[in-house]
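Some notes on the structure that comes next.
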Amino acid sequence: MYDVIIVGAGTAGLASAVYTSMNNQNLKIMLLEKESKCGRKLSASGNGKCNITNSEWSFNCYSSDNEAFIDDFVSKHNPNEIIRFFELLGIPLYEKNGYYYPFSNMAKQVTSILIDELDRRKVSIVCDAKVTRIRYEENERRYYVYANNMGSKPIECKNIILALGSNASPKLGGSDTLDIIKKLEISTVPFVPSLCPIYVEDDLLKIAKGVRVDGKVNICVGKKIYSESGQVQFNDNNLSGIALMNLSKYVYDLKGDEFKDALFIELLPEYSWDKLKEYIICTINIFMKRSVINMLDGFLPHQLSVYILRRLKLDENMRIGDLPDKQINRLTSCIKMLNFTPKLYEDYDKAQVSLGGVKLKEIDADTFESRKYPGLYIVGEVLDMTGKCGGYNISFAILSAIAASRNILGDL
Ligand SMILES: Cc1cc2nc3c(=O)[nH]c(=O)nc-3n(C[C@H](O)[C@H](O)[C@H](O)COP(=O)(O)OP(=O)(O)OC[C@H]3O[C@@H](n4cnc5c(N)ncnc54)[C@H](O)[C@@H]3O)c2cc1C
């Protein structure tokens with residue numbers, strides 16, 4: 001019989017196995033993973049560089065249906081715990097603009113170090129073993145775990161940690177992990193993709209494909225406007241970049257007519273509307289004979305200039321000296337408030353995480369132990385707690401995993 005079985009060898013599962021085995025070498029621990037490799041998302045994280053945590057740490061960094069839980073979590077934990085955990089593993093982190101990465105800048109190496117540590121500590125890791133069912137025997141206070149490729153007999157354990165992740169990014173192993181949770185009659189919030197591009201209704205958008213510019217991105221939901229500044233990337237049928245990804249969750253809050261022009265980007269953040277108009281008028285006064293496209297090319301990437309003029313149905317070759325005041329206003333407004341109508345398109349392939357998951361009322365906020373099943377812990381992204389870009393999801397996966405492991409270590 002195992003002391004601990006961890007289901008899912010992703011970020012949280014690996015962290016939990018490492019923490020538990022480092023703190024008690026005598027425990028019999030097994031890690032079951034449905035994929036042929038462990039930690040696939042961790043290995044792909046941060047564009048392969050592994051953005052582990054962040055110096056900004058507040059309520060606003062996470063979302064969940066249960067806001068009290070977020071409050072409690074951010075007040076009890078902080079990034080130093082993560083930094084310390086990695087230091088103890090021989091992976092010091094460096095900070096750049098608040099974002100923490102390993103000095104190697106290699107996410108794959110972080111995964112390898114975790115796996116090597118488990119091998120050294122003789123933790124049994126079984127890949128290609130998808131857990132299909134978990135049975136709890138109350139009288140024995142014992143779990144029976146059924147997994148593919150593990151024979152017909154279930155594996156027995158005293159404690160079980162579910163570190164299943166979400167259905168985001170199926171190419172990296174994401175799947176509908178709530179199935180197994182629902183069989184245990186644990187309540188859940190349905191998954192929806194998050195930290196993904198925002199898809200928009202715009203046939204002309206492909207003209208600007210590949211353009212990257214800085215801007216302030218805003219999404220208007222009812223009477224509220226959510227904003228974030230950063231780089232905006234124009235794609236065939238969507239807009240991406242960290243600001244867009246962080247705001248993508250709000251598209252699910254839009255209803256009916258609210259979709260229309262709900263997203264708007266303020267280009268050239270250095271210029272206010274008035275200052276930009278003044279600049280355009282100044283340019284017109286000096287270079288009357290220049291074409292409109294030529295003038296826009298002075299401060300915007302060419303493809304974006306073409307796109308804006310097409311949207312406004314303005315002739316690229318028109319002399320700027322011939323632009324009436326009304327068109328100068330339209331041009332200024334288009335640059336300072338480039339609006340889009342978002343569409344609901346659930347692109348799990350491009351989503352880094354999913355919103356939703358196990359309802360947080362199902363677990364103890366300190367230990368992550370199920371309130372229904374003693375000895376069953378639920379950690380990481382499968383829970384209804386999602387961070388924004390910047391290392392918050394890895395942070396949550398690791399902090400929740402450590403909290404569960406600590407409780408198990410104390411209990412045994
Ligand atoms: C491309 C990409 C880049 C990212 N970059 C960052 C970043 O830089 N910083 C950051 O903070 N976050 C990042 N994230 C998000 C982060 O990787 C995840 O939030 C984090 O890995 C979640 O950890 P987890 O252990 O809960 O889930 P996962 O890491 O997804 O692990 C879950 C594991 O459980 C396994 N599993 C599921 N069901 C079963 C089953 N029934 N039986 C056995 N095994 C099962 C899965 O195969 C998987 O290996 C990124 C995500 C992606 C996709």
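How things are named: the first chain in the structure tokens is A, the next is B, and so on; residues count from 1 in each chain; ligands count from 1 in the order shown.
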Please check which protein, DNA or RNA residues sit within 7 Å of ligand 1, counting only C-alpha atoms and all ligand atoms, and write them as a PyMOL selection string. chain A and resi 7-13+32-35+38-42+44-47+50-53+129-132+163-166+168-169+172-175+177+180+351-353+379-382+389-395+397
Could you pull out the strand (DSSP E or B) residues of stretch 15-228 of chain A, going by DSSP on the backbone, and write them as a CSV table (one decimal) with C-alpha atoms, in the first residue's frame?
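What ended up in states_34.csv:
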chain,number,residue,atom,x,y,z
A,29,ILE,CA,5.0,7.5,-3.1
A,30,MET,CA,3.7,6.8,-6.6
A,31,LEU,CA,3.1,9.3,-9.3
A,32,LEU,CA,0.7,8.3,-12.1
A,53,THR,CA,6.5,33.6,-10.2
A,54,ASN,CA,6.2,37.3,-10.0
A,62,TYR,CA,-6.1,35.6,-9.8
A,63,SER,CA,-9.7,34.9,-10.7
A,93,LEU,CA,15.7,32.3,-10.0
A,94,TYR,CA,16.4,35.7,-11.4
A,95,GLU,CA,14.0,38.6,-11.7
A,96,LYS,CA,13.3,40.8,-14.7
A,99,TYR,CA,8.9,38.2,-13.6
A,100,TYR,CA,11.0,35.3,-12.2
A,101,TYR,CA,12.8,32.8,-14.3
A,102,PRO,CA,15.4,30.1,-13.7
A,124,SER,CA,7.8,5.5,-8.5
A,125,ILE,CA,6.8,7.4,-11.6
A,126,VAL,CA,4.5,5.6,-14.0
A,131,VAL,CA,-6.4,7.1,-13.9
A,132,THR,CA,-10.0,6.3,-14.7
A,133,ARG,CA,-11.6,5.8,-11.3
A,134,ILE,CA,-11.0,6.4,-7.6
A,135,ARG,CA,-12.9,4.5,-5.0
A,136,TYR,CA,-12.9,5.5,-1.3
A,137,GLU,CA,-13.5,2.9,1.4
A,142,ARG,CA,-8.2,3.9,2.1
A,143,TYR,CA,-8.4,4.8,-1.6
A,144,TYR,CA,-8.4,2.4,-4.5
A,145,VAL,CA,-7.0,3.8,-7.7
A,146,TYR,CA,-7.9,2.3,-11.1
A,147,ALA,CA,-5.5,3.2,-14.0
A,155,ILE,CA,-3.6,0.4,-6.4
A,156,GLU,CA,-4.2,1.1,-2.8
A,157,CYS,CA,-3.2,4.2,-0.9
A,158,LYS,CA,-3.8,6.2,2.3
A,159,ASN,CA,-3.6,9.6,0.7
A,160,ILE,CA,-4.3,10.7,-2.8
A,161,ILE,CA,-3.4,14.0,-4.5
A,162,LEU,CA,-5.3,15.0,-7.6
A,188,THR,CA,-17.3,21.9,-10.3
A,189,VAL,CA,-17.5,25.0,-12.5
A,190,PRO,CA,-17.3,24.2,-16.2
A,191,PHE,CA,-14.0,24.9,-17.9
A,192,VAL,CA,-13.7,27.7,-20.4
A,193,PRO,CA,-10.4,28.6,-22.2
A,194,SER,CA,-8.4,31.6,-20.8
A,198,ILE,CA,-9.3,37.3,-28.5
A,199,TYR,CA,-11.1,36.4,-31.7
A,200,VAL,CA,-12.9,39.3,-33.5
A,212,ARG,CA,3.1,44.1,-33.2
A,213,VAL,CA,2.6,47.4,-31.5
A,214,ASP,CA,2.3,48.8,-28.0
A,215,GLY,CA,-1.1,49.9,-26.9
A,216,LYS,CA,-3.6,50.1,-24.1
A,217,VAL,CA,-6.2,47.4,-24.6
A,218,ASN,CA,-9.7,47.9,-23.1
A,219,ILE,CA,-12.7,45.7,-22.9
A,220,CYS,CA,-16.1,47.1,-22.0
A,221,VAL,CA,-18.5,44.7,-20.1
A,224,LYS,CA,-17.2,48.4,-16.5
A,225,ILE,CA,-14.1,48.9,-18.6
A,226,TYR,CA,-11.1,46.5,-17.9
A,227,SER,CA,-7.8,47.7,-19.3
A,228,GLU,CA,-4.3,46.5,-19.6
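With only C-alpha atoms as the atoms that count, the residue of A:Pro79, A:Lys289, A:Pro92, A:Ser187 with the shortest distance to A:Arg371 is A:Ser187.
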Write out as a PDB file with N, CA and C atoms, in the first residue's frame the residues lying within 12 Å of A:Arg120, counting only C-alpha atoms and excluding same-chain residues fewer than 5 positions away.
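What follows is the written file selection-v8.pdb:
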ATOM      1  N   VAL A  18       8.117  15.872  -5.081  1.00  0.00           N
ATOM      2  CA  VAL A  18       9.453  16.285  -4.645  1.00  0.00           C
ATOM      3  C   VAL A  18       9.402  16.748  -3.188  1.00  0.00           C
ATOM      4  N   SER A  21       8.749  13.756  -0.784  1.00  0.00           N
ATOM      5  CA  SER A  21       9.866  12.803  -0.664  1.00  0.00           C
ATOM      6  C   SER A  21      11.088  13.454  -0.013  1.00  0.00           C
ATOM      7  N   MET A  22      11.296  14.752  -0.247  1.00  0.00           N
ATOM      8  CA  MET A  22      12.451  15.426   0.364  1.00  0.00           C
ATOM      9  C   MET A  22      12.297  15.524   1.882  1.00  0.00           C
ATOM     10  N   GLN A  25      11.863  10.562   3.665  1.00  0.00           N
ATOM     11  CA  GLN A  25      12.412   9.607   2.698  1.00  0.00           C
ATOM     12  C   GLN A  25      11.795   8.217   2.833  1.00  0.00           C
ATOM     13  N   ILE A 113      15.124  18.411 -13.775  1.00  0.00           N
ATOM     14  CA  ILE A 113      15.689  18.397 -12.414  1.00  0.00           C
ATOM     15  C   ILE A 113      14.678  17.804 -11.423  1.00  0.00           C
ATOM     16  N   LEU A 114      13.414  18.179 -11.592  1.00  0.00           N
ATOM     17  CA  LEU A 114      12.372  17.635 -10.696  1.00  0.00           C
ATOM     18  C   LEU A 114      12.289  16.116 -10.853  1.00  0.00           C
ATOM     19  N   ILE A 115      12.301  15.654 -12.106  1.00  0.00           N
ATOM     20  CA  ILE A 115      12.181  14.202 -12.348  1.00  0.00           C
ATOM     21  C   ILE A 115      13.425  13.467 -11.811  1.00  0.00           C
ATOM     22  N   ILE A 125       7.517   6.614 -10.645  1.00  0.00           N
ATOM     23  CA  ILE A 125       6.778   7.427 -11.624  1.00  0.00           C
ATOM     24  C   ILE A 125       6.311   6.487 -12.728  1.00  0.00           C
TER      25      ILE A 125
END
Please provide as number ranges by chain all residues within 10 Å of stretch 300-309 of chain A, with the sequence filter that same-chain residues fewer than 3 positions apart are discarded (counting only C-alpha atoms). A: 204-213, 234, 267-268, 292-297, 312-316, 331, 334-335, 338
Which parts of stretch 306-367 of chain A does DSSP call helix (DSSP H, G or I) when run on the backbone here, written out as a list in words? Val306, Tyr307, Ile308, Leu309, Arg310, Arg311, Ile320, Gly321, Asp322, Asp325, Lys326, Gln327, Ile328, Asn329, Arg330, Leu331, Thr332, Ser333, Cys334, Ile335, Lys336, Leu360, Lys361 and Glu362 of chain A
If we count only C-alpha atoms, what is near A:Trp57 at a cut-off of 8 Å, once residues fewer than 4 positions away on the same chain are taken out, given as a count of residues only? 4
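Between atom CA of A:Asp325 and atom CA of A:Ile281 there is a distance of 9.2 Å.
One finds atom CA of A:Ile83 at 10.5 Å from atom CA of A:Ser55.
The shortest atom-to-atom distance to A:Asp119, with only C-alpha atoms taken into account, belongs to A:Leu14 out of A:Leu14, A:Ser370, A:Asp384, A:Ile286.
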Identify which of the residues A:Asp257, A:Asp179, A:Glu201, A:Glu369 lies closest to A:Lys343, counting only C-alpha atoms when measuring atom-to-atom distances. A:Glu201
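The spacing separating atom CA of A:Arg121 from atom CA of A:Ile378 amounts to 23.5 Å.
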